[in-house]
Amino acid sequence: MRISDASLDQIFHKARTANGFTDKPVPAALLQEVYDLARMGPTSMNCQPTRYVFLTTPQAKERLMPALMPGNVDKTKSAPVTVIVATDTRFYEHMPVVWHNPGAKEMFEGNAALAGGTATRNSTLGGAYFMVAARALGLDCGPMSGVDLAVSYRPEDQPRLWFEPLYNEALHLVVSASHPLARRRRVRMGELHQQRMVLLPRQFLTRQMLDDCFEAAGSQPQVVAELNSVGPMIELIRQTELAGIIPETAVTAGPDLSVIPLEEPRPMRTPGLLWTKGATRSPVIKHMADIIRRKAGSRR
Ligand SMILES: Cc1cc2nc3c(=O)[nH]c(=O)nc-3n(C[C@H](O)[C@H](O)[C@H](O)COP(=O)(O)O)c2cc1C
């Protein structure tokens, strides 16, 4: 049954991002109702990686303020409730409860790229379900993602930004066990000339870096597929004769998959923190940066 035009207006046609709010409190029972609707939205394998943090007191909100981009501070202050839509990166711990196949937990546990992509994609959906639910129950939303610290690969020179490298990550050739290069200990970029490959799409920085490496080696691979997610790329390589180039940390060699260092030139990428030059660093942002540095340190 179709819902009424008035309901469609309320949720979609007339729903606009709120940039200011009244100070009318939102009862806890209503927030519970929003959550109970949002959590029913579909997620892949029912993985439900979204975690909602409700900030309902001025003290709780004050702790968030230093992390916001300056333009987002006043509107966030004016909202009676702020909800942080977060991702549980270890969502797979709960797979035995939420999914019927007992192997699901191990599948994600052993594949960081698959777990990361699944967590980000589905928790983003969680944010969308939450807004639809809040609007359906008569609340306004002012979605925002602007915090003052970013994690990125080394960008082109940016006059306003400062890049703090975290670690270097080599990219390796990945092929199936039956591929002609599968038993090699190293492969030169020049040897990938006319090789049938699956790579990231051209708009990705990593792909642009790889294209520079191919050019430097004077080789031109035959790119027969482009995928923007590492998990499906590994599966495609496993099941076909296609070769791929994947960060060493995102793939594990096994009986059906060979992971081979590349050289001449060696493709590397450098994840790091991006800071706004000259901006004051709040304690929250410094703490967040320390957590990221510690995590990165354990991958070196
Ligand atoms: C994920 C996401 C992040 C956003 N980040 C911000 C933000 O940081 N600051 C802000 O003022 N608006 C932010 N917005 C609001 C968008 O600018 C707004 O939804 C868009 O311009 C469409 O306008 P409408 O929602 O009124 O239709 C964000 C919206 C979404 C969905």
# chains A, B, ... in the order shown; residues from 1 in each chain; ligands from 1

call {"tool": "residues_around", "arguments": {"residues": "A:Tyr52", "least_positions_apart": "4", "cutoff": "8 Å", "atoms": "only C-alpha atoms", "output": "PDB file with C-alpha atoms, in the first residue's frame"}}
result
ATOM      1  CA  VAL A  83      23.418  11.957  17.103  1.00  0.00           C
ATOM      2  CA  ILE A  84      26.854  10.666  16.115  1.00  0.00           C
ATOM      3  CA  VAL A  85      26.407   8.004  13.453  1.00  0.00           C
ATOM      4  CA  ALA A  86      29.415   5.742  13.966  1.00  0.00           C
TER       5      ALA A  86
END

call {"tool": "closest_atom_pairs", "arguments": {"of": "chain A", "to": "ligand 1", "cutoff": "10 Å", "atoms": "only C-alpha atoms and all ligand atoms", "output": "CSV"}}
result
residue,atom,partner,partner_atom_place_in_ligand_line,distance
A:Phe12,CA,ligand 1,27 (O),8.5
A:His13,CA,ligand 1,27 (O),8.5
A:Lys14,CA,ligand 1,27 (O),8.3
A:Ala15,CA,ligand 1,27 (O),6.7
A:Arg16,CA,ligand 1,26 (O),3.4
A:Thr17,CA,ligand 1,26 (O),3.8
A:Ala18,CA,ligand 1,26 (O),7.0
A:Asn19,CA,ligand 1,11 (O),6.7
A:Leu68,CA,ligand 1,8 (O),8.4
A:Met69,CA,ligand 1,8 (O),7.3
A:Pro70,CA,ligand 1,8 (O),9.6
A:Gly71,CA,ligand 1,11 (O),7.0
A:Asn72,CA,ligand 1,9 (N),5.6
A:Val73,CA,ligand 1,9 (N),9.4
A:Lys75,CA,ligand 1,11 (O),8.0
A:Thr76,CA,ligand 1,11 (O),9.5
A:Thr124,CA,ligand 1,1 (C),8.0
A:Gly127,CA,ligand 1,1 (C),8.0
A:Ala128,CA,ligand 1,31 (C),7.6
A:Met131,CA,ligand 1,31 (C),9.1
A:Cys141,CA,ligand 1,25 (O),8.5
A:Gly142,CA,ligand 1,15 (C),6.4
A:Pro143,CA,ligand 1,29 (C),4.6
A:Met144,CA,ligand 1,5 (N),3.1
A:Ser145,CA,ligand 1,5 (N),4.2
A:Gly146,CA,ligand 1,8 (O),3.8
A:Val147,CA,ligand 1,8 (O),7.5

call {"tool": "residues_around", "arguments": {"residues": "A:Pro165", "least_positions_apart": "3", "cutoff": "7 Å", "atoms": "only C-alpha atoms", "output": "JSON, numbers by chain"}}
result
{"A": [270, 271, 272, 273]}

call {"tool": "select_by_dssp", "arguments": {"residues": "stretch 83-253 of chain A", "states": "alpha helix (DSSP H)", "output": "NGL selection string"}}
result
:A and (95-98 or 104-109 or 112-136 or 205-217 or 230-239)

call {"tool": "atom_distance", "arguments": {"atom1": "atom CA of A:Glu106", "atom2": "atom CA of A:Thr120"}}
result
18.5 Å

call {"tool": "atom_distance", "arguments": {"atom1": "atom CA of A:Leu31", "atom2": "atom CA of A:Gly126"}}
result
14.9 Å

call {"tool": "closest_atom_pairs", "arguments": {"of": "stretch 74-158 of chain A", "to": "stretch 228-237 of chain A", "cutoff": "10 Å", "atoms": "only C-alpha atoms", "output": "Markdown table"}}
result
| residue | atom | partner | partner_atom | distance |
| --- | --- | --- | --- | --- |
| A:Asn111 | CA | A:Gly231 | CA | 7.9 |
| A:Ala112 | CA | A:Gly231 | CA | 8.8 |
| A:Ala113 | CA | A:Gly231 | CA | 5.8 |
| A:Leu114 | CA | A:Gly231 | CA | 4.8 |
| A:Ala115 | CA | A:Gly231 | CA | 8.6 |
| A:Gly116 | CA | A:Gly231 | CA | 9.5 |
| A:Gly117 | CA | A:Ser229 | CA | 7.2 |
| A:Thr118 | CA | A:Gly231 | CA | 9.4 |

call {"tool": "write_last_selection", "arguments": {"atoms": "N, CA and C atoms", "output": "short mmCIF file (atom, residue, chain, number, x, y, z; two decimals), in the first residue's frame"}}
result
data_model
loop_
_atom_site.label_atom_id
_atom_site.label_comp_id
_atom_site.auth_asym_id
_atom_site.auth_seq_id
_atom_site.Cartn_x
_atom_site.Cartn_y
_atom_site.Cartn_z
N ASN A 111 39.54 -10.91 6.35
CA ASN A 111 39.62 -10.10 5.13
C ASN A 111 39.31 -8.64 5.48
N ALA A 112 40.40 -7.90 5.81
CA ALA A 112 40.23 -6.52 6.30
C ALA A 112 39.55 -5.63 5.26
N ALA A 113 39.86 -5.86 3.98
CA ALA A 113 39.28 -5.00 2.93
C ALA A 113 37.77 -5.22 2.84
N LEU A 114 37.36 -6.49 2.89
CA LEU A 114 35.94 -6.80 2.80
C LEU A 114 35.20 -6.24 4.03
N ALA A 115 35.80 -6.44 5.22
CA ALA A 115 35.16 -5.96 6.45
C ALA A 115 35.03 -4.43 6.44
N GLY A 116 36.11 -3.75 6.01
CA GLY A 116 36.11 -2.28 6.00
C GLY A 116 35.06 -1.73 5.05
N GLY A 117 35.03 -2.27 3.84
CA GLY A 117 34.05 -1.80 2.83
C GLY A 117 32.63 -2.06 3.29
N THR A 118 32.41 -3.24 3.86
CA THR A 118 31.06 -3.61 4.31
C THR A 118 30.63 -2.69 5.45
#
